[in-house]
$ cat model-v8.pdb   # PDB, C-alpha atoms
ATOM      1  CA  MET A 292     111.709 134.374  81.439
ATOM      2  CA  PRO A 293     113.034 131.196  83.048
ATOM      3  CA  LYS A 294     114.527 128.513  80.856
ATOM      4  CA  VAL A 295     112.817 125.670  82.753
ATOM      5  CA  THR A 296     109.456 125.402  84.486
ATOM      6  CA  VAL A 297     109.260 122.757  87.191
ATOM      7  CA  ALA A 298     105.508 122.127  87.390
ATOM      8  CA  VAL A 299     104.469 120.295  90.581
ATOM      9  CA  PRO A 300     100.873 119.105  91.048
ATOM     10  CA  VAL A 301      99.973 119.341  94.740
ATOM     11  CA  TYR A 302      97.187 117.467  96.493
ATOM     12  CA  ASN A 303      97.206 116.822 100.258
ATOM     13  CA  VAL A 304     100.961 116.312 100.585
ATOM     14  CA  GLU A 305     101.739 118.811 103.358
ATOM     15  CA  LYS A 306     104.044 116.271 105.026
ATOM     16  CA  TYR A 307     106.289 115.874 101.965
ATOM     17  CA  LEU A 308     106.079 119.158 100.097
ATOM     18  CA  GLU A 309     109.020 121.042 101.618
ATOM     19  CA  LYS A 310     111.465 118.249 100.769
ATOM     20  CA  CYS A 311     110.266 118.239  97.163
ATOM     21  CA  ALA A 312     110.462 122.032  96.930
ATOM     22  CA  GLY A 313     113.901 122.105  98.523
ATOM     23  CA  SER A 314     115.249 119.641  95.966
ATOM     24  CA  ILE A 315     113.985 121.873  93.156
ATOM     25  CA  LEU A 316     115.106 125.246  94.500
ATOM     26  CA  SER A 317     118.589 123.872  95.245
ATOM     27  CA  GLN A 318     119.145 122.663  91.677
ATOM     28  CA  THR A 319     122.506 123.532  90.172
ATOM     29  CA  GLU A 320     120.559 124.923  87.194
ATOM     30  CA  ARG A 321     119.393 128.260  88.573
ATOM     31  CA  ASP A 322     117.430 129.525  85.572
ATOM     32  CA  LEU A 323     114.166 127.894  86.551
ATOM     33  CA  GLU A 324     110.805 128.566  88.132
ATOM     34  CA  LEU A 325     108.873 126.330  90.485
ATOM     35  CA  LEU A 326     105.181 126.307  89.604
ATOM     36  CA  PHE A 327     102.926 124.724  92.208
ATOM     37  CA  ILE A 328      99.469 123.673  91.005
ATOM     38  CA  ASP A 329      97.417 123.280  94.183
ATOM     39  CA  ASP A 330      94.760 120.869  92.937
ATOM     40  CA  GLY A 331      92.043 121.521  95.511
ATOM     41  CA  SER A 332      94.014 120.349  98.549
ATOM     42  CA  THR A 333      91.994 119.982 101.743
ATOM     43  CA  ASP A 334      94.957 119.942 104.143
ATOM     44  CA  GLY A 335      97.570 122.666 104.635
ATOM     45  CA  SER A 336      99.312 122.048 101.312
ATOM     46  CA  GLY A 337      97.876 125.108  99.579
ATOM     47  CA  ALA A 338      98.891 127.446 102.410
ATOM     48  CA  LEU A 339     102.373 125.910 102.452
ATOM     49  CA  CYS A 340     102.697 126.570  98.713
ATOM     50  CA  ASP A 341     101.893 130.226  99.375
ATOM     51  CA  LYS A 342     104.515 130.400 102.154
ATOM     52  CA  LEU A 343     107.155 128.929  99.884
ATOM     53  CA  CYS A 344     106.186 131.471  97.235
ATOM     54  CA  GLU A 345     106.827 134.292  99.702
ATOM     55  CA  ARG A 346     110.301 132.934 100.483
ATOM     56  CA  ASP A 347     111.625 132.616  96.933
ATOM     57  CA  PRO A 348     110.739 134.793  93.909
ATOM     58  CA  ARG A 349     111.184 131.788  91.612
ATOM     59  CA  VAL A 350     108.049 130.164  93.055
ATOM     60  CA  ARG A 351     104.560 130.666  91.654
ATOM     61  CA  VAL A 352     101.305 129.109  92.858
ATOM     62  CA  ILE A 353      98.058 128.364  91.058
ATOM     63  CA  HIS A 354      95.092 127.236  93.160
ATOM     64  CA  GLN A 355      92.354 125.333  91.332
ATOM     65  CA  GLU A 356      89.464 122.967  91.892
ATOM     66  CA  ASN A 357      90.462 119.325  91.877
ATOM     67  CA  ARG A 358      91.143 118.042  88.344
ATOM     68  CA  GLY A 359      93.350 115.099  89.228
ATOM     69  CA  LEU A 360      97.033 114.624  88.490
ATOM     70  CA  GLY A 361      96.579 114.853  84.726
ATOM     71  CA  GLY A 362      94.463 117.980  84.965
ATOM     72  CA  ALA A 363      97.018 119.645  87.231
ATOM     73  CA  ARG A 364      99.829 118.877  84.797
ATOM     74  CA  ASN A 365      97.769 120.381  81.994
ATOM     75  CA  THR A 366      97.428 123.560  84.048
ATOM     76  CA  GLY A 367     101.207 123.574  84.309
ATOM     77  CA  ILE A 368     101.546 123.258  80.534
ATOM     78  CA  GLU A 369      99.069 126.067  79.943
ATOM     79  CA  ASN A 370     100.807 128.411  82.408
ATOM     80  CA  THR A 371     104.466 127.604  81.864
ATOM     81  CA  ARG A 372     106.915 130.414  81.269
ATOM     82  CA  GLY A 373     109.827 128.133  80.470
ATOM     83  CA  GLN A 374     111.100 126.790  77.170
ATOM     84  CA  TRP A 375     111.290 123.426  78.943
ATOM     85  CA  ILE A 376     109.041 121.745  81.486
ATOM     86  CA  ILE A 377     109.429 118.907  83.979
ATOM     87  CA  PHE A 378     106.740 117.325  86.194
ATOM     88  CA  PRO A 379     107.977 116.000  89.556
ATOM     89  CA  ASP A 380     105.326 114.594  91.868
ATOM     90  CA  SER A 381     104.979 116.526  95.105
ATOM     91  CA  ASP A 382     106.054 113.691  97.408
ATOM     92  CA  ASP A 383     109.163 112.862  95.361
ATOM     93  CA  TRP A 384     112.465 114.691  94.994
ATOM     94  CA  LEU A 385     115.166 115.436  92.433
ATOM     95  CA  GLU A 386     118.903 114.966  92.700
ATOM     96  CA  PRO A 387     120.757 118.339  92.706
ATOM     97  CA  GLU A 388     122.112 118.133  89.127
ATOM     98  CA  THR A 389     119.043 116.624  87.464
ATOM     99  CA  VAL A 390     117.740 119.680  85.639
ATOM    100  CA  GLU A 391     121.201 120.883  84.606
ATOM    101  CA  ARG A 392     122.223 117.490  83.201
ATOM    102  CA  ALA A 393     118.930 116.892  81.403
ATOM    103  CA  LEU A 394     118.862 120.402  79.948
ATOM    104  CA  LYS A 395     122.455 120.224  78.709
ATOM    105  CA  ALA A 396     121.867 116.840  77.066
ATOM    106  CA  ALA A 397     118.671 118.062  75.399
ATOM    107  CA  GLU A 398     120.250 121.265  74.103
ATOM    108  CA  ASP A 399     123.448 119.544  72.955
ATOM    109  CA  THR A 400     121.488 116.990  70.914
ATOM    110  CA  GLU A 401     118.606 119.322  69.897
ATOM    111  CA  ALA A 402     116.159 116.858  71.442
ATOM    112  CA  ASP A 403     112.512 117.453  72.275
ATOM    113  CA  MET A 404     112.699 115.201  75.336
ATOM    114  CA  ALA A 405     115.436 114.172  77.759
ATOM    115  CA  VAL A 406     114.970 110.961  79.756
ATOM    116  CA  PHE A 407     116.949 110.038  82.867
ATOM    117  CA  ALA A 408     117.119 107.053  85.213
ATOM    118  CA  PHE A 409     115.241 106.947  88.521
ATOM    119  CA  ARG A 410     114.985 104.971  91.735
ATOM    120  CA  SER A 411     112.028 103.939  93.887
ATOM    121  CA  VAL A 412     112.351 104.540  97.617
ATOM    122  CA  GLU A 413     110.161 103.119 100.386
ATOM    123  CA  GLU A 414     108.921 104.985 103.437
ATOM    124  CA  ASN A 415     111.865 104.024 105.643
ATOM    125  CA  GLY A 416     114.269 105.525 103.114
ATOM    126  CA  ASN A 417     115.558 102.265 101.669
ATOM    127  CA  THR A 418     116.065 102.084  97.906
ATOM    128  CA  LEU A 419     113.772  99.450  96.422
ATOM    129  CA  ALA A 420     115.174  99.491  92.905
ATOM    130  CA  GLU A 421     116.879 101.600  90.261
ATOM    131  CA  PHE A 422     115.461 101.857  86.773
ATOM    132  CA  HIS A 423     117.767 102.329  83.801
ATOM    133  CA  GLU A 424     116.836 102.163  80.149
ATOM    134  CA  ALA A 425     118.565  99.910  77.589
ATOM    135  CA  LEU A 426     119.366 102.883  75.377
ATOM    136  CA  PRO A 427     122.583 104.537  74.180
ATOM    137  CA  GLY A 428     123.314 107.624  76.233
ATOM    138  CA  ASN A 429     123.918 111.253  75.311
ATOM    139  CA  VAL A 430     123.157 110.845  71.613
ATOM    140  CA  PRO A 431     120.103 111.976  69.624
ATOM    141  CA  LEU A 432     117.637 109.121  69.154
ATOM    142  CA  ASP A 433     115.043 109.237  66.379
ATOM    143  CA  PRO A 434     111.768 107.527  67.464
ATOM    144  CA  LYS A 435     111.170 106.435  63.878
ATOM    145  CA  LYS A 436     114.461 104.533  63.835
ATOM    146  CA  GLN A 437     115.006 103.774  67.535
ATOM    147  CA  LYS A 438     111.548 102.321  67.980
ATOM    148  CA  ASP A 439     112.311 100.784  71.359
ATOM    149  CA  LEU A 440     112.007 104.317  72.726
ATOM    150  CA  LEU A 441     108.318 103.517  72.873
ATOM    151  CA  ILE A 442     108.847 100.837  75.517
ATOM    152  CA  ILE A 443     110.711 102.996  78.041
ATOM    153  CA  ALA A 444     109.081 103.587  81.425
ATOM    154  CA  PRO A 445     106.131 105.865  80.613
ATOM    155  CA  SER A 446     106.438 107.879  83.848
ATOM    156  CA  ALA A 447     106.057 111.611  83.271
ATOM    157  CA  CYS A 448     108.378 112.446  86.159
ATOM    158  CA  ASN A 449     111.778 111.337  84.833
ATOM    159  CA  LYS A 450     111.629 113.421  81.675
ATOM    160  CA  LEU A 451     112.371 116.978  80.612
ATOM    161  CA  TYR A 452     110.142 118.161  77.765
ATOM    162  CA  LYS A 453     110.437 120.997  75.318
ATOM    163  CA  THR A 454     107.292 123.020  76.011
ATOM    164  CA  GLU A 455     106.699 123.429  72.295
ATOM    165  CA  LEU A 456     106.274 119.644  72.010
ATOM    166  CA  PHE A 457     102.931 119.825  73.810
ATOM    167  CA  LYS A 458     101.787 122.737  71.684
ATOM    168  CA  ARG A 459     102.876 121.078  68.443
ATOM    169  CA  THR A 460     101.302 117.681  69.137
ATOM    170  CA  GLY A 461      98.257 118.851  71.070
ATOM    171  CA  VAL A 462      98.786 115.931  73.455
ATOM    172  CA  ARG A 463      97.581 116.471  77.020
ATOM    173  CA  TYR A 464      97.173 114.390  80.164
ATOM    174  CA  PRO A 465      93.706 112.918  80.765
ATOM    175  CA  PRO A 466      92.197 114.150  84.049
ATOM    176  CA  LYS A 467      91.073 111.996  86.976
ATOM    177  CA  VAL A 468      92.158 108.603  85.657
ATOM    178  CA  TRP A 469      94.813 106.082  86.560
ATOM    179  CA  TYR A 470      97.667 105.348  84.142
ATOM    180  CA  GLU A 471      97.625 108.883  82.744
ATOM    181  CA  ASP A 472     101.371 108.621  82.040
ATOM    182  CA  LEU A 473     100.934 105.589  79.786
ATOM    183  CA  ARG A 474      98.159 107.386  77.916
ATOM    184  CA  THR A 475     100.367 110.429  77.323
ATOM    185  CA  THR A 476     104.060 109.523  77.016
ATOM    186  CA  THR A 477     103.311 106.933  74.334
ATOM    187  CA  LYS A 478     101.628 109.645  72.251
ATOM    188  CA  LEU A 479     104.345 112.256  72.760
ATOM    189  CA  LEU A 480     107.260 110.058  71.666
ATOM    190  CA  PRO A 481     106.304 109.716  67.948
ATOM    191  CA  GLY A 482     106.000 113.512  67.820
ATOM    192  CA  CYS A 483     109.605 114.047  68.934
ATOM    193  CA  SER A 484     112.195 114.928  66.332
ATOM    194  CA  SER A 485     114.699 113.294  68.676
ATOM    195  CA  VAL A 486     115.024 112.065  72.260
ATOM    196  CA  VAL A 487     118.131 111.853  74.436
ATOM    197  CA  TYR A 488     118.766 109.466  77.315
ATOM    198  CA  ILE A 489     121.218 110.162  80.137
ATOM    199  CA  ASP A 490     122.109 107.224  82.343
ATOM    200  CA  TYR A 491     121.955 109.312  85.513
ATOM    201  CA  VAL A 492     119.679 108.516  88.455
ATOM    202  CA  GLY A 493     118.112 111.934  88.776
ATOM    203  CA  TYR A 494     114.730 111.199  90.299
ATOM    204  CA  ASN A 495     113.572 109.639  93.571
ATOM    205  CA  TYR A 496     110.120 108.076  93.447
ATOM    206  CA  PHE A 497     108.695 107.776  96.960
ATOM    207  CA  GLN A 498     106.472 104.719  97.015
ATOM    208  CA  ARG A 499     104.055 105.380  99.835
ATOM    209  CA  SER A 500     101.051 103.303 100.810
ATOM    210  CA  GLY A 501      98.561 105.414  98.848
ATOM    211  CA  SER A 502     100.252 104.917  95.496
ATOM    212  CA  ILE A 503      98.576 103.047  92.643
ATOM    213  CA  MET A 504     100.998 100.171  93.155
ATOM    214  CA  ASN A 505      99.794  99.755  96.738
ATOM    215  CA  ASN A 506      96.184 100.834  96.349
ATOM    216  CA  VAL A 507      93.751  98.244  97.681
ATOM    217  CA  ASN A 508      90.942  99.354  95.342
ATOM    218  CA  LEU A 509      91.619  96.429  93.044
ATOM    219  CA  SER A 510      88.720  97.053  90.676
ATOM    220  CA  ARG A 511      90.271 100.325  89.511
ATOM    221  CA  ASN A 512      93.172  98.367  88.043
ATOM    222  CA  ARG A 513      90.860  97.649  85.128
ATOM    223  CA  GLU A 514      91.649 101.183  84.003
ATOM    224  CA  ILE A 515      94.869  99.784  82.507
ATOM    225  CA  ILE A 516      92.657  98.267  79.792
ATOM    226  CA  ASP A 517      90.901 101.593  79.286
ATOM    227  CA  ALA A 518      94.290 103.286  79.060
ATOM    228  CA  PHE A 519      95.570 100.790  76.527
ATOM    229  CA  GLU A 520      92.407 101.075  74.447
ATOM    230  CA  ASP A 521      93.029 104.824  74.376
ATOM    231  CA  VAL A 522      96.636 104.320  73.239
ATOM    232  CA  LEU A 523      95.799 101.770  70.533
ATOM    233  CA  SER A 524      92.951 103.941  69.213
ATOM    234  CA  TRP A 525      95.287 106.930  68.999
ATOM    235  CA  TYR A 526      97.914 104.941  67.075
ATOM    236  CA  ARG A 527      95.314 103.616  64.656
ATOM    237  CA  GLU A 528      93.784 107.048  64.114
ATOM    238  CA  HIS A 529      97.215 108.509  63.320
ATOM    239  CA  GLY A 530      98.191 105.656  61.010
ATOM    240  CA  LEU A 531     101.038 104.544  63.281
ATOM    241  CA  PHE A 532      99.754 101.206  64.563
ATOM    242  CA  GLU A 533     101.528  98.938  62.085
ATOM    243  CA  GLU A 534     104.750 100.953  62.297
ATOM    244  CA  TYR A 535     104.926 100.488  66.060
ATOM    245  CA  ARG A 536     102.980  97.250  66.450
ATOM    246  CA  LYS A 537     105.864  95.261  67.970
ATOM    247  CA  GLU A 538     106.503  97.959  70.559
ATOM    248  CA  LEU A 539     102.805  98.307  71.397
ATOM    249  CA  MET A 540     102.616  94.543  71.812
ATOM    250  CA  HIS A 541     105.453  94.613  74.323
ATOM    251  CA  LEU A 542     103.773  97.422  76.220
ATOM    252  CA  ALA A 543     100.608  95.312  76.412
ATOM    253  CA  VAL A 544     102.515  92.284  77.688
ATOM    254  CA  SER A 545     104.460  94.388  80.169
ATOM    255  CA  HIS A 546     101.785  96.700  81.544
ATOM    256  CA  VAL A 547      98.518  94.816  81.078
ATOM    257  CA  TYR A 548      99.407  91.144  81.240
ATOM    258  CA  LEU A 549     102.380  91.124  83.612
ATOM    259  CA  THR A 550     102.396  94.209  85.831
ATOM    260  CA  ALA A 551      98.647  94.659  86.292
ATOM    261  CA  SER A 552      98.129  90.938  86.890
ATOM    262  CA  VAL A 553     100.835  90.866  89.551
ATOM    263  CA  ARG A 554      99.444  93.992  91.176
ATOM    264  CA  VAL A 555      96.046  92.329  91.542
ATOM    265  CA  LEU A 556      97.102  88.792  92.449
ATOM    266  CA  ARG A 557      99.291  90.089  95.269
ATOM    267  CA  GLN A 558      96.017  91.035  96.964
ATOM    268  CA  ASP A 559      93.565  88.478  95.569
ATOM    269  CA  ARG A 560      94.736  85.494  93.510
ATOM    270  CA  ARG A 561      91.132  84.667  92.494
ATOM    271  CA  HIS A 562      90.209  88.123  91.223
ATOM    272  CA  PRO A 563      88.510  87.954  87.767
ATOM    273  CA  LEU A 564      90.641  90.820  86.468
ATOM    274  CA  ILE A 565      93.631  88.469  86.172
ATOM    275  CA  GLY A 566      91.825  86.463  83.516
ATOM    276  CA  GLU A 567      90.491  89.618  81.877
ATOM    277  CA  PHE A 568      93.997  91.036  81.466
ATOM    278  CA  TYR A 569      95.127  87.831  79.769
ATOM    279  CA  GLN A 570      92.117  87.716  77.445
ATOM    280  CA  TYR A 571      92.590  91.350  76.463
ATOM    281  CA  VAL A 572      96.231  90.916  75.457
ATOM    282  CA  LYS A 573      95.456  87.656  73.652
ATOM    283  CA  ARG A 574      92.655  89.330  71.694
ATOM    284  CA  GLU A 575      94.608  92.442  70.687
ATOM    285  CA  PHE A 576      97.889  90.622  70.046
ATOM    286  CA  PRO A 577      97.281  86.924  69.308
ATOM    287  CA  ASP A 578     101.012  86.512  68.650
ATOM    288  CA  TYR A 579     102.058  88.127  71.941
ATOM    289  CA  GLN A 580     104.305  85.157  72.768
ATOM    290  CA  GLU A 581     106.552  86.295  69.899
ATOM    291  CA  ASP A 582     107.305  89.587  71.674
ATOM    292  CA  ILE A 583     110.799  90.543  70.443
ATOM    293  CA  TYR A 584     111.537  92.522  73.612
ATOM    294  CA  LEU A 585     111.084  89.733  76.151
ATOM    295  CA  ASP A 586     114.816  89.840  76.873
ATOM    296  CA  ARG A 587     114.321  93.341  78.309
ATOM    297  CA  PHE A 588     112.495  91.838  81.283
ATOM    298  CA  THR A 589     114.424  91.094  84.436
ATOM    299  CA  ARG A 590     114.888  87.494  85.558
ATOM    300  CA  ASN A 591     112.112  87.858  88.130
ATOM    301  CA  GLN A 592     109.774  89.337  85.547
ATOM    302  CA  ARG A 593     110.432  86.449  83.176
ATOM    303  CA  ILE A 594     109.711  83.951  85.963
ATOM    304  CA  ALA A 595     106.463  85.740  86.851
ATOM    305  CA  LEU A 596     105.424  85.824  83.199
ATOM    306  CA  LYS A 597     106.150  82.118  82.795
ATOM    307  CA  LEU A 598     104.028  81.302  85.856
ATOM    308  CA  LEU A 599     101.204  83.459  84.503
ATOM    309  CA  GLU A 600     101.428  81.654  81.170
ATOM    310  CA  ARG A 601     101.093  78.317  82.928
ATOM    311  CA  ARG A 602      98.197  79.707  84.992
ATOM    312  CA  MET A 603     100.123  78.958  88.188
ATOM    313  CA  ILE A 604      98.507  81.918  89.911
ATOM    314  CA  SER A 605      98.446  80.410  93.400
ATOM    315  CA  LEU A 606     102.167  79.657  93.280
ATOM    316  CA  LEU A 607     102.947  83.184  92.119
ATOM    317  CA  HIS A 608     100.758  84.584  94.902
ATOM    318  CA  LEU A 609     102.588  82.419  97.426
ATOM    319  CA  ILE A 610     105.979  83.625  96.187
ATOM    320  CA  PHE A 611     105.004  87.247  96.719
ATOM    321  CA  LYS A 612     103.554  86.430 100.131
ATOM    322  CA  LEU A 613     106.742  84.690 101.236
ATOM    323  CA  LYS A 614     108.896  87.557  99.968
ATOM    324  CA  GLY A 615     106.705  90.107 101.708
TER     325      GLY A 615
END
$ encode --input "model-v8.pdb" --output "structure tokens"
Amino acid sequence: MPKVTVAVPVYNVEKYLEKCAGSILSQTERDLELLFIDDGSTDGSGALCDKLCERDPRVRVIHQENRGLGGARNTGIENTRGQWIIFPDSDDWLEPETVERALKAAEDTEADMAVFAFRSVEENGNTLAEFHEALPGNVPLDPKKQKDLLIIAPSACNKLYKTELFKRTGVRYPPKVWYEDLRTTTKLLPGCSSVVYIDYVGYNYFQRSGSIMNNVNLSRNREIIDAFEDVLSWYREHGLFEEYRKELMHLAVSHVYLTASVRVLRQDRRHPLIGEFYQYVKREFPDYQEDIYLDRFTRNQRIALKLLERRMISLLHLIFKLKG
């Protein structure tokens, strides 16, 4: 049985799939399997998965009807053979030592989850940004004591999970929705006995035009409110809301008020969702301006937040337009 399952949801990514697969099969950690979940692809992705399976005995393929990214990840969880699981997206790629470094850190600290840094890359290959967490590295972190673990980037892709964590918590990814990572990572973290962070850029996130960040279907951005309602309901149901209220408040400011507002106003500065995001955060967290984690924002984020607070939407829109 392999130690690690690399579960890759696949949907119409024929152009990018071989690069992703190559980065996985060339990992310095050899005790792994690559599990493709072909999620109802309509291009040649499914056939390419089968070809890659024929080339390397470490590759398995599951073909299924379309269940969305979350549903495909759940299929990976249900069919994993590894003690650990990682979920790269099929158009992204790993650095060669990512699995080995994450696995060693997790085993050395007896963690249920290992988190590593990542970078976003645009279509011409240029690095847009690197994302590092403000956490101590290579030491076990208890979510009950190190509560700022909750405010790390919720992306599923830059984390190695103990498979048993999903079985123990019962947490799964919601199918066919946006912001499935936010809905899931925030629920997994309180269930971890410990988490370890390694300050190593191990993941390359390819930001292509069809990503949520660049999607022109602005109305679907309202799903961030649905996602946050899901998260808050879960924390209240499990009696954890007050314990993590400050962290949940920061997540609301960061993801609902700031990030979602900017995503929409870049396309349409008069869109009603901008006001709806503000009203939602103000209603759920009337004291949101007392967010103790505001210093975690970058300088540009703090400027954008200040302009949002002053309702200087047109100026913020102009800034983004001028910067391209």
$ closest_atom_pairs --input "model-v8.pdb" --of "stretch 537-599 of chain A" --to "stretch 604-611 of chain A" --cutoff "7 Å" --atoms "all atoms listed in the file" --output "Markdown table"
| residue | atom | partner | partner_atom | distance |
| --- | --- | --- | --- | --- |
| A:Leu556 | CA | A:His608 | CA | 6.1 |
| A:Arg557 | CA | A:His608 | CA | 5.7 |
| A:Arg560 | CA | A:His608 | CA | 6.2 |
| A:Ala595 | CA | A:Leu607 | CA | 6.8 |
| A:Leu598 | CA | A:Leu607 | CA | 6.6 |
| A:Leu599 | CA | A:Ile604 | CA | 6.2 |
$ write_last_selection --input "model-v8.pdb" --atoms "C-alpha atoms" --output "short mmCIF file (atom, residue, chain, number, x, y, z; two decimals), in the coordinates of the input"
data_model
loop_
_atom_site.label_atom_id
_atom_site.label_comp_id
_atom_site.auth_asym_id
_atom_site.auth_seq_id
_atom_site.Cartn_x
_atom_site.Cartn_y
_atom_site.Cartn_z
CA LEU A 556 97.10 88.79 92.45
CA ARG A 557 99.29 90.09 95.27
CA ARG A 560 94.74 85.49 93.51
CA ALA A 595 106.46 85.74 86.85
CA LEU A 598 104.03 81.30 85.86
CA LEU A 599 101.20 83.46 84.50
#
$ closest_residue --input "model-v8.pdb" --among "A:Pro348, A:Gly361, A:Gly335, A:Pro427" --to "A:Thr476" --atoms "all atoms listed in the file"
A:Gly361
$ resolve_selection --input "model-v8.pdb" --expression "the PyMOL selection byres ((chain A and resi 401) around 12)" --output "PyMOL selection string"
chain A and resi 393-400+402-405+429-433+452-453+483-487
$ resolve_selection --input "model-v8.pdb" --expression "the PyMOL selection byres ((chain A and resi 317) around 12)" --output "PDB file with C-alpha atoms, keeping the file's coordinate frame"
ATOM      1  CA  GLU A 309     109.020 121.042 101.618  1.00  0.00           C
ATOM      2  CA  LYS A 310     111.465 118.249 100.769  1.00  0.00           C
ATOM      3  CA  CYS A 311     110.266 118.239  97.163  1.00  0.00           C
ATOM      4  CA  ALA A 312     110.462 122.032  96.930  1.00  0.00           C
ATOM      5  CA  GLY A 313     113.901 122.105  98.523  1.00  0.00           C
ATOM      6  CA  SER A 314     115.249 119.641  95.966  1.00  0.00           C
ATOM      7  CA  ILE A 315     113.985 121.873  93.156  1.00  0.00           C
ATOM      8  CA  LEU A 316     115.106 125.246  94.500  1.00  0.00           C
ATOM      9  CA  GLN A 318     119.145 122.663  91.677  1.00  0.00           C
ATOM     10  CA  THR A 319     122.506 123.532  90.172  1.00  0.00           C
ATOM     11  CA  GLU A 320     120.559 124.923  87.194  1.00  0.00           C
ATOM     12  CA  ARG A 321     119.393 128.260  88.573  1.00  0.00           C
ATOM     13  CA  ASP A 322     117.430 129.525  85.572  1.00  0.00           C
ATOM     14  CA  LEU A 323     114.166 127.894  86.551  1.00  0.00           C
ATOM     15  CA  GLU A 324     110.805 128.566  88.132  1.00  0.00           C
ATOM     16  CA  LEU A 325     108.873 126.330  90.485  1.00  0.00           C
ATOM     17  CA  ASP A 347     111.625 132.616  96.933  1.00  0.00           C
ATOM     18  CA  ARG A 349     111.184 131.788  91.612  1.00  0.00           C
ATOM     19  CA  TRP A 384     112.465 114.691  94.994  1.00  0.00           C
ATOM     20  CA  LEU A 385     115.166 115.436  92.433  1.00  0.00           C
ATOM     21  CA  GLU A 386     118.903 114.966  92.700  1.00  0.00           C
ATOM     22  CA  PRO A 387     120.757 118.339  92.706  1.00  0.00           C
ATOM     23  CA  GLU A 388     122.112 118.133  89.127  1.00  0.00           C
ATOM     24  CA  THR A 389     119.043 116.624  87.464  1.00  0.00           C
ATOM     25  CA  VAL A 390     117.740 119.680  85.639  1.00  0.00           C
ATOM     26  CA  GLU A 391     121.201 120.883  84.606  1.00  0.00           C
TER      27      GLU A 391
END
$ residues_around --input "model-v8.pdb" --residues "A:Asp382" --least-positions-apart "4" --cutoff "12 Å" --atoms "all atoms listed in the file" --output "VMD selection string"
chain A and resid 299 to 314 336 378 411 to 414 448 494 to 499 501 to 502
$ closest_residue --input "model-v8.pdb" --among "A:Leu441, A:Leu613, A:Val547, A:Val468" --to "A:Gly362" --atoms "all atoms listed in the file"
A:Val468
$ closest_residue --input "model-v8.pdb" --among "A:Val522, A:Cys340, A:Ile515, A:Ile583" --to "A:Thr550" --atoms "all atoms listed in the file"
A:Ile515
$ resolve_selection --input "model-v8.pdb" --expression "the PyMOL selection byres ((chain A and resi 363-368) around 7)" --output "number ranges by chain"
A: 298, 300, 328, 330, 358-362, 369-371, 463-464
$ closest_residue --input "model-v8.pdb" --among "A:Asp329, A:Glu421, A:Glu575, A:Glu455" --to "A:Glu520" --atoms "only C-alpha atoms"
A:Glu575
$ closest_residue --input "model-v8.pdb" --among "A:Phe588, A:Tyr470, A:Trp525, A:Phe422" --to "A:Val406" --atoms "only C-alpha atoms"
A:Phe422
$ atom_distance --input "model-v8.pdb" --atom1 "atom CA of A:Pro563" --atom2 "atom CA of A:Tyr548"
13.1 Å
$ atom_distance --input "model-v8.pdb" --atom1 "atom CA of A:Gln355" --atom2 "atom CA of A:Asp334"
14.1 Å
